[in-house]
file upload-v8.csv (CSV, C-alpha atoms and all ligand atoms)
chain,number,residue,atom,x,y,z
S,1,MET,CA,0.0,0.0,0.0
S,2,GLN,CA,1.3,3.4,-0.9
S,3,ALA,CA,2.1,5.7,2.1
S,4,VAL,CA,-0.2,8.7,2.3
S,5,GLN,CA,1.8,11.9,2.2
S,6,SER,CA,0.5,14.8,4.2
S,7,PRO,CA,0.6,18.1,2.3
S,8,PRO,CA,3.5,20.4,3.2
S,9,LYS,CA,2.7,22.8,6.0
S,10,PRO,CA,2.0,26.3,4.6
S,11,GLU,CA,4.8,28.7,5.6
S,12,ILE,CA,3.2,31.4,7.7
S,13,GLN,CA,4.1,34.8,6.3
S,14,LEU,CA,5.7,36.8,9.0
S,15,SER,CA,5.7,40.6,9.0
S,16,LYS,CA,9.0,42.4,8.5
S,17,VAL,CA,9.4,43.1,12.2
S,18,GLU,CA,8.6,39.4,13.1
S,19,SER,CA,11.0,38.0,10.6
S,20,SER,CA,13.7,40.4,11.7
S,21,LYS,CA,13.2,39.1,15.3
S,22,ARG,CA,13.5,35.6,14.1
S,23,LEU,CA,16.7,36.4,12.0
S,24,ALA,CA,18.4,37.9,15.0
S,25,ALA,CA,17.4,35.1,17.3
S,26,TYR,CA,18.5,32.3,15.0
S,27,GLU,CA,21.9,33.9,14.2
S,28,ALA,CA,22.6,34.5,17.9
S,29,VAL,CA,21.7,30.9,18.8
S,30,ASP,CA,23.8,29.5,16.0
S,31,ARG,CA,26.8,31.5,17.1
S,32,HIS,CA,26.5,31.4,20.9
S,33,ILE,CA,24.6,28.2,22.0
S,34,LEU,CA,27.3,25.7,21.4
S,35,PRO,CA,27.4,21.9,22.2
S,36,GLU,CA,29.5,22.5,25.3
S,37,HIS,CA,26.9,24.9,26.8
S,38,LYS,CA,24.8,23.1,29.3
S,39,ILE,CA,23.3,25.9,31.5
S,40,ILE,CA,21.3,28.4,29.5
S,41,GLY,CA,19.3,31.5,30.5
S,42,ILE,CA,16.2,32.3,28.6
S,43,GLY,CA,15.0,35.9,28.6
S,44,SER,CA,11.5,37.4,28.1
S,45,GLY,CA,9.6,39.1,25.3
S,46,SER,CA,8.4,38.5,21.8
S,47,THR,CA,11.9,37.7,20.3
S,48,VAL,CA,12.7,35.0,22.8
S,49,PRO,CA,10.2,32.4,21.4
S,50,TYR,CA,12.4,32.3,18.3
S,51,VAL,CA,15.5,31.7,20.5
S,52,VAL,CA,13.8,28.7,22.1
S,53,GLU,CA,12.6,27.5,18.6
S,54,ARG,CA,16.1,27.5,17.3
S,55,ILE,CA,17.5,25.8,20.4
S,56,ILE,CA,14.9,23.0,20.1
S,57,ALA,CA,15.9,22.6,16.4
S,58,GLN,CA,19.5,21.8,17.6
S,59,GLY,CA,17.9,18.4,18.6
S,60,GLU,CA,17.4,16.1,21.5
S,61,GLU,CA,21.0,14.8,21.5
S,62,LEU,CA,22.3,18.3,22.4
S,63,ASN,CA,19.4,19.4,24.6
S,64,HIS,CA,18.9,16.3,26.8
S,65,ASP,CA,21.6,17.2,29.3
S,66,ARG,CA,21.1,20.9,29.2
S,67,VAL,CA,19.2,23.0,31.8
S,68,PHE,CA,17.2,26.1,30.9
S,69,LEU,CA,16.6,28.9,33.4
S,70,PRO,CA,13.7,31.3,32.8
S,71,THR,CA,13.5,35.0,33.5
S,72,GLY,CA,9.8,34.9,34.2
S,73,PHE,CA,6.5,33.2,33.7
S,74,GLN,CA,6.5,33.6,29.9
S,75,SER,CA,10.0,32.0,29.4
S,76,LYS,CA,9.1,29.2,31.9
S,77,GLU,CA,6.2,28.3,29.7
S,78,LEU,CA,8.4,28.3,26.6
S,79,ILE,CA,10.8,26.0,28.3
S,80,VAL,CA,8.2,23.6,29.6
S,81,ASN,CA,6.1,23.6,26.4
S,82,GLY,CA,9.3,23.0,24.4
S,83,ARG,CA,10.0,19.9,26.6
S,84,LEU,CA,13.3,21.3,27.7
S,85,ARG,CA,14.6,20.8,31.2
S,86,LEU,CA,13.7,23.6,33.6
S,87,GLY,CA,16.0,24.8,36.3
S,88,ASP,CA,16.4,28.0,38.4
S,89,VAL,CA,19.3,30.3,39.1
S,90,ASP,CA,19.4,29.3,42.8
S,91,GLN,CA,20.3,25.8,41.7
S,92,TYR,CA,22.6,26.9,38.8
S,93,PRO,CA,24.2,30.3,39.8
S,94,ASN,CA,26.8,29.9,37.0
S,95,ILE,CA,25.2,30.2,33.6
S,96,ASP,CA,27.0,29.5,30.3
S,97,VAL,CA,25.0,31.8,28.1
S,98,THR,CA,21.9,33.9,28.6
S,99,ILE,CA,20.0,35.2,25.5
S,100,ASP,CA,17.4,37.9,26.0
S,101,GLY,CA,15.5,40.7,24.2
S,102,ALA,CA,15.7,44.4,24.9
S,103,ASP,CA,13.5,47.5,24.5
S,104,GLU,CA,16.4,49.6,23.2
S,105,VAL,CA,20.2,49.2,22.8
S,106,ASP,CA,22.7,52.1,22.5
S,107,HIS,CA,26.1,52.2,20.7
S,108,ASP,CA,27.8,50.9,23.8
S,109,LEU,CA,25.4,48.0,24.2
S,110,ASN,CA,23.7,49.6,27.2
S,111,CYS,CA,20.1,48.5,27.2
S,112,ILE,CA,16.7,49.6,28.4
S,113,LYS,CA,14.9,46.4,29.6
S,114,GLY,CA,11.7,45.8,31.5
S,115,GLY,CA,9.1,46.6,28.9
S,116,GLY,CA,7.7,43.3,30.0
S,117,ALA,CA,8.4,44.0,33.7
S,118,CYS,CA,10.8,41.1,34.0
S,119,HIS,CA,14.0,43.1,34.4
S,120,LEU,CA,14.9,41.9,37.9
S,121,ARG,CA,15.2,38.3,37.0
S,122,GLU,CA,16.6,39.2,33.6
S,123,LYS,CA,19.4,41.2,35.2
S,124,VAL,CA,20.2,38.4,37.7
S,125,LEU,CA,20.4,35.9,34.8
S,126,ALA,CA,22.4,38.3,32.6
S,127,GLU,CA,24.9,38.9,35.4
S,128,ALA,CA,25.2,35.2,36.3
S,129,ALA,CA,26.1,34.3,32.7
S,130,GLN,CA,29.5,34.0,31.3
S,131,THR,CA,28.1,35.3,28.0
S,132,PHE,CA,25.1,37.6,27.8
S,133,ILE,CA,23.7,38.2,24.3
S,134,VAL,CA,20.8,40.5,23.3
S,135,VAL,CA,18.5,39.8,20.3
S,136,ALA,CA,16.1,42.4,18.8
S,137,ASP,CA,14.6,43.8,15.7
S,138,TYR,CA,16.0,46.9,13.9
S,139,ARG,CA,13.7,49.3,15.8
S,140,LYS,CA,15.7,48.7,19.0
S,141,ASN,CA,19.1,49.7,17.5
S,142,SER,CA,19.9,53.2,18.7
S,143,ASP,CA,22.7,55.6,19.5
S,144,VAL,CA,21.2,57.0,22.6
S,145,LEU,CA,18.7,55.2,24.9
S,146,GLY,CA,15.2,56.8,25.0
S,147,THR,CA,15.3,57.7,21.2
S,148,THR,CA,12.7,55.0,20.2
S,149,TYR,CA,11.6,53.6,23.6
S,150,LYS,CA,9.8,56.6,24.9
S,151,GLN,CA,8.0,55.0,27.9
S,152,GLY,CA,11.0,55.6,30.1
S,153,VAL,CA,13.3,53.6,32.3
S,154,PRO,CA,11.4,50.8,34.0
S,155,ILE,CA,12.0,50.7,37.8
S,156,GLU,CA,10.7,47.8,39.8
S,157,VAL,CA,9.8,49.0,43.3
S,158,ALA,CA,8.5,47.7,46.6
S,159,PRO,CA,4.7,48.4,46.4
S,160,PHE,CA,4.4,50.1,49.8
S,161,ALA,CA,7.2,52.6,48.8
S,162,TYR,CA,5.8,53.6,45.4
S,163,ALA,CA,4.4,57.0,46.2
S,164,LYS,CA,7.6,58.2,47.9
S,165,LEU,CA,9.6,56.8,45.1
S,166,LEU,CA,7.5,58.5,42.5
S,167,GLN,CA,8.3,61.9,44.2
S,168,ASN,CA,12.0,61.0,44.4
S,169,VAL,CA,12.2,60.0,40.7
S,170,HIS,CA,10.4,63.3,39.8
S,171,HIS,CA,13.1,65.1,41.7
S,172,LEU,CA,15.8,63.1,40.0
S,173,GLY,CA,14.8,64.7,36.7
S,174,SER,CA,11.8,62.7,35.5
S,175,PRO,CA,8.7,64.9,36.2
S,176,THR,CA,6.4,62.7,34.1
S,177,ALA,CA,7.4,59.4,35.7
S,178,THR,CA,4.3,57.3,36.4
S,179,LEU,CA,3.2,54.0,38.0
S,180,ARG,CA,2.7,51.4,35.3
S,181,MET,CA,-1.0,50.4,35.1
S,182,ALA,CA,-2.6,47.3,33.7
S,183,LYS,CA,-4.2,48.2,30.4
S,184,GLY,CA,-6.8,46.8,28.1
S,185,ALA,CA,-10.1,45.0,28.4
S,186,GLY,CA,-10.2,42.0,30.8
S,187,THR,CA,-7.0,43.0,32.6
S,188,LYS,CA,-6.6,43.7,36.3
S,189,ALA,CA,-7.7,47.2,37.5
S,190,GLY,CA,-4.8,49.0,39.0
S,191,PRO,CA,-1.0,48.7,38.7
S,192,ILE,CA,0.7,45.8,37.0
S,193,VAL,CA,2.4,43.5,39.5
S,194,THR,CA,5.6,41.8,38.5
S,195,ASP,CA,6.4,38.1,38.9
S,196,ASN,CA,8.1,39.1,42.2
S,197,GLY,CA,5.0,40.9,43.6
S,198,ASN,CA,6.3,44.4,43.0
S,199,PHE,CA,5.2,47.5,41.1
S,200,VAL,CA,6.9,49.2,38.1
S,201,ILE,CA,7.5,53.0,37.7
S,202,ASP,CA,8.3,54.2,34.1
S,203,ALA,CA,10.6,57.2,34.2
S,204,PRO,CA,11.5,59.1,31.0
S,205,PHE,CA,14.6,61.2,31.2
S,206,ASP,CA,16.0,63.8,28.8
S,207,GLU,CA,18.5,63.0,26.1
S,208,GLN,CA,21.5,64.4,28.0
S,209,THR,CA,20.7,62.2,31.0
S,210,MET,CA,20.2,59.1,28.8
S,211,LYS,CA,23.7,59.7,27.2
S,212,ASP,CA,25.2,58.5,30.5
S,213,PRO,CA,22.9,55.6,31.5
S,214,TYR,CA,25.4,54.2,34.1
S,215,SER,CA,25.3,57.4,36.2
S,216,LEU,CA,21.5,57.4,36.0
S,217,LEU,CA,21.4,53.7,37.0
S,218,LYS,CA,23.5,54.4,40.1
S,219,LYS,CA,21.3,57.3,41.2
S,220,ILE,CA,18.1,55.4,40.8
S,221,LYS,CA,19.4,52.3,42.4
S,222,MET,CA,20.4,54.3,45.5
S,223,LEU,CA,16.7,55.2,46.2
S,224,THR,CA,15.4,53.2,49.1
S,225,GLY,CA,12.6,50.9,47.9
S,226,VAL,CA,14.0,50.4,44.4
S,227,VAL,CA,14.3,46.7,43.7
S,228,GLU,CA,15.9,46.9,40.3
S,229,VAL,CA,16.4,49.3,37.4
S,230,GLY,CA,15.8,48.4,33.8
S,231,LEU,CA,19.2,49.9,32.6
S,232,PHE,CA,21.7,47.1,31.7
S,233,CYS,CA,25.0,48.8,31.4
S,234,GLY,CA,28.2,47.1,30.2
S,235,MET,CA,26.6,43.7,30.5
S,236,ALA,CA,26.1,42.4,26.9
S,237,GLN,CA,28.9,40.9,24.9
S,238,ALA,CA,27.0,41.4,21.7
S,239,ALA,CA,23.6,42.6,20.4
S,240,TYR,CA,22.0,41.0,17.3
S,241,PHE,CA,19.5,43.1,15.3
S,242,GLY,CA,17.5,41.6,12.6
S,243,ASN,CA,17.0,44.0,9.7
S,244,ALA,CA,14.0,44.5,7.4
S,245,ASP,CA,16.1,43.6,4.4
S,246,GLY,CA,16.9,40.1,5.7
S,247,THR,CA,20.4,40.9,7.0
S,248,VAL,CA,21.6,40.9,10.7
S,249,THR,CA,23.6,43.6,12.2
S,250,ILE,CA,25.8,42.5,15.1
S,251,LYS,CA,27.2,45.1,17.5
S,252,TRP,CA,30.1,43.8,19.7
S,253,GLN,CA,31.3,45.0,23.1
S,254,ASN,CA,34.6,46.2,21.6
S,255,GLY,CA,32.7,48.6,19.2
S,256,GLN,CA,33.0,46.4,16.2
S,257,ILE,CA,29.9,46.2,13.9
S,258,GLU,CA,29.3,43.2,11.7
S,259,ASN,CA,26.7,42.7,9.0
S,260,THR,CA,25.7,39.2,7.9
S,261,GLY,CA,23.4,37.8,5.3
S,262,THR,CA,22.4,38.9,1.8
S,263,PRO,CA,19.9,41.7,1.5
S,264,LEU,CA,16.6,40.5,0.0
S,265,ALA,CA,16.1,41.6,-3.6
B,301,LIG,O1,13.0,43.5,28.9
B,301,LIG,C1,12.1,42.8,28.5
B,301,LIG,C2,11.0,42.3,29.4
B,301,LIG,O2,11.1,42.8,30.7
B,301,LIG,C3,12.1,42.2,27.1
B,301,LIG,O3,13.3,41.5,26.9
B,301,LIG,C4,11.9,43.3,26.2
B,301,LIG,O4,10.7,44.0,26.4
B,301,LIG,C5,12.0,42.8,24.8
B,301,LIG,O5,10.9,42.8,24.1
B,301,LIG,P1,10.6,42.2,22.6
B,301,LIG,O6,11.5,41.1,22.3
B,301,LIG,O7,9.2,41.8,22.7
B,301,LIG,O8,10.8,43.3,21.7
call {"tool": "encode", "arguments": {"input": "upload-v8.csv", "output": "structure tokens"}}
result
Amino acid sequence: MQAVQSPPKPEIQLSKVESSKRLAAYEAVDRHILPEHKIIGIGSGSTVPYVVERIIAQGEELNHDRVFLPTGFQSKELIVNGRLRLGDVDQYPNIDVTIDGADEVDHDLNCIKGGGACHLREKVLAEAAQTFIVVADYRKNSDVLGTTYKQGVPIEVAPFAYAKLLQNVHHLGSPTATLRMAKGAGTKAGPIVTDNGNFVIDAPFDEQTMKDPYSLLKKIKMLTGVVEVGLFCGMAQAAYFGNADGTVTIKWQNGQIENTGTPLA
């Protein structure tokens, strides 16, 4: 009897932004998740599913003795649904590689993170990793932070301290800083609550301030009640940006910029 062949699965047409996220994620996994890497941090956001997809494609033989550490609820689901082994950073404080998304990346690879309110765990997993790699689409590739991500610097705060912290952040130079509220039909009324039970303040600063994100990070971090700041300074070894033309731009920590792939006709 002749075997029945199932029709080929239709390739889902991705938007330019989606395909650039996928390009960046695939290139970063191919270059940085190597057979010897066993403890791997998985970040949060809409680019990270492509990271997990590419890791799964490396096959069972490479993945069966690896452990994957999530930065939040979303990445935990990705790991579990992908039938990868789940661990946590308290069991594995030394990570080989962490790959994560970003809201914006500047020319020195400083990042704004926390658009998804996961930046506390994201920073712990980035810091614990021997190699920390950022993946993003072309819209996140900037010279100065705050150019495209206008919402402000995400600051995770202890809930009972939020009102005092809002005042303090206003005095620090962000008069429009606000508490991040849950939005949209069917969501919680009131502020968003992080995976750690905290609130988030979004604090926009002027361009001059954002040109020196490390100084700003130190000032905000000193405020009592701040749990973590979504400024990741000097942490990433490389940032991969998928471009709309099908190429990938890679910014390295030493300032080198590399372009790979052939532009689409
Ligand atoms: O920092 C983050 C969550 O706290 C995410 O990594 C960031 O928001 C990236 O988002 P995306 O990949 O969806 O553009």
call {"tool": "residues_near_ligand", "arguments": {"input": "upload-v8.csv", "ligand": "ligand LIG 301 (chain B)", "cutoff": "9 Å", "atoms": "only C-alpha atoms and all ligand atoms", "output": "short mmCIF file (atom, residue, chain, number, x, y, z; two decimals) with C-alpha atoms, in the frame of the given file"}}
result
data_model
loop_
_atom_site.label_atom_id
_atom_site.label_comp_id
_atom_site.auth_asym_id
_atom_site.auth_seq_id
_atom_site.Cartn_x
_atom_site.Cartn_y
_atom_site.Cartn_z
CA LYS S 21 13.20 39.10 15.30
CA GLY S 43 15.00 35.90 28.60
CA SER S 44 11.50 37.40 28.10
CA GLY S 45 9.60 39.10 25.30
CA SER S 46 8.40 38.50 21.80
CA THR S 47 11.90 37.70 20.30
CA VAL S 48 12.70 35.00 22.80
CA PRO S 49 10.20 32.40 21.40
CA THR S 71 13.50 35.00 33.50
CA GLY S 72 9.80 34.90 34.20
CA ASP S 100 17.40 37.90 26.00
CA GLY S 101 15.50 40.70 24.20
CA ALA S 102 15.70 44.40 24.90
CA ASP S 103 13.50 47.50 24.50
CA GLU S 104 16.40 49.60 23.20
CA CYS S 111 20.10 48.50 27.20
CA ILE S 112 16.70 49.60 28.40
CA LYS S 113 14.90 46.40 29.60
CA GLY S 114 11.70 45.80 31.50
CA GLY S 115 9.10 46.60 28.90
CA GLY S 116 7.70 43.30 30.00
CA ALA S 117 8.40 44.00 33.70
CA CYS S 118 10.80 41.10 34.00
CA HIS S 119 14.00 43.10 34.40
CA LEU S 120 14.90 41.90 37.90
CA ARG S 121 15.20 38.30 37.00
CA GLU S 122 16.60 39.20 33.60
CA VAL S 134 20.80 40.50 23.30
CA VAL S 135 18.50 39.80 20.30
CA ALA S 136 16.10 42.40 18.80
CA ASP S 137 14.60 43.80 15.70
CA ARG S 139 13.70 49.30 15.80
CA LYS S 140 15.70 48.70 19.00
CA PRO S 154 11.40 50.80 34.00
CA GLY S 230 15.80 48.40 33.80
#
call {"tool": "atom_distance", "arguments": {"input": "upload-v8.csv", "atom1": "atom CA of S:Ala24", "atom2": "atom CA of S:Ile99"}}
result
11.0 Å
call {"tool": "closest_residue", "arguments": {"input": "upload-v8.csv", "among": "S:Asn141, S:Asn63, S:Gln91, S:Thr262", "to": "S:Ile79", "atoms": "all atoms listed in the file"}}
result
S:Asn63
call {"tool": "closest_residue", "arguments": {"input": "upload-v8.csv", "among": "S:Ala265, S:Tyr50, S:Gln74, S:Gly59", "to": "S:Ser19", "atoms": "all atoms listed in the file"}}
result
S:Tyr50
call {"tool": "atom_distance", "arguments": {"input": "upload-v8.csv", "atom1": "atom CA of S:Thr194", "atom2": "atom CA of S:Gln167"}}
result
21.1 Å
call {"tool": "residues_around", "arguments": {"input": "upload-v8.csv", "residues": "S:Val124", "least_positions_apart": "2", "cutoff": "12 Å", "atoms": "only C-alpha atoms", "output": "ChimeraX atom specification"}}
result
/S:41-43,69-72,88-90,92-95,98,118-122,126-129,132,227-230,232,235
call {"tool": "write_last_selection", "arguments": {"input": "upload-v8.csv", "atoms": "C-alpha atoms", "output": "PDB file, in the frame of the given file"}}
result
ATOM      1  CA  GLY S  41      19.300  31.500  30.500  1.00  0.00           C
ATOM      2  CA  ILE S  42      16.200  32.300  28.600  1.00  0.00           C
ATOM      3  CA  GLY S  43      15.000  35.900  28.600  1.00  0.00           C
ATOM      4  CA  LEU S  69      16.600  28.900  33.400  1.00  0.00           C
ATOM      5  CA  PRO S  70      13.700  31.300  32.800  1.00  0.00           C
ATOM      6  CA  THR S  71      13.500  35.000  33.500  1.00  0.00           C
ATOM      7  CA  GLY S  72       9.800  34.900  34.200  1.00  0.00           C
ATOM      8  CA  ASP S  88      16.400  28.000  38.400  1.00  0.00           C
ATOM      9  CA  VAL S  89      19.300  30.300  39.100  1.00  0.00           C
ATOM     10  CA  ASP S  90      19.400  29.300  42.800  1.00  0.00           C
ATOM     11  CA  TYR S  92      22.600  26.900  38.800  1.00  0.00           C
ATOM     12  CA  PRO S  93      24.200  30.300  39.800  1.00  0.00           C
ATOM     13  CA  ASN S  94      26.800  29.900  37.000  1.00  0.00           C
ATOM     14  CA  ILE S  95      25.200  30.200  33.600  1.00  0.00           C
ATOM     15  CA  THR S  98      21.900  33.900  28.600  1.00  0.00           C
ATOM     16  CA  CYS S 118      10.800  41.100  34.000  1.00  0.00           C
ATOM     17  CA  HIS S 119      14.000  43.100  34.400  1.00  0.00           C
ATOM     18  CA  LEU S 120      14.900  41.900  37.900  1.00  0.00           C
ATOM     19  CA  ARG S 121      15.200  38.300  37.000  1.00  0.00           C
ATOM     20  CA  GLU S 122      16.600  39.200  33.600  1.00  0.00           C
ATOM     21  CA  ALA S 126      22.400  38.300  32.600  1.00  0.00           C
ATOM     22  CA  GLU S 127      24.900  38.900  35.400  1.00  0.00           C
ATOM     23  CA  ALA S 128      25.200  35.200  36.300  1.00  0.00           C
ATOM     24  CA  ALA S 129      26.100  34.300  32.700  1.00  0.00           C
ATOM     25  CA  PHE S 132      25.100  37.600  27.800  1.00  0.00           C
ATOM     26  CA  VAL S 227      14.300  46.700  43.700  1.00  0.00           C
ATOM     27  CA  GLU S 228      15.900  46.900  40.300  1.00  0.00           C
ATOM     28  CA  VAL S 229      16.400  49.300  37.400  1.00  0.00           C
ATOM     29  CA  GLY S 230      15.800  48.400  33.800  1.00  0.00           C
ATOM     30  CA  PHE S 232      21.700  47.100  31.700  1.00  0.00           C
ATOM     31  CA  MET S 235      26.600  43.700  30.500  1.00  0.00           C
TER      32      MET S 235
END
call {"tool": "atom_distance", "arguments": {"input": "upload-v8.csv", "atom1": "atom CA of S:Glu156", "atom2": "atom CA of S:Val144"}}
result
22.2 Å
call {"tool": "closest_residue", "arguments": {"input": "upload-v8.csv", "among": "S:Leu145, S:Gly190, S:Val17, S:Leu84", "to": "S:Leu109", "atoms": "only C-alpha atoms"}}
result
S:Leu145
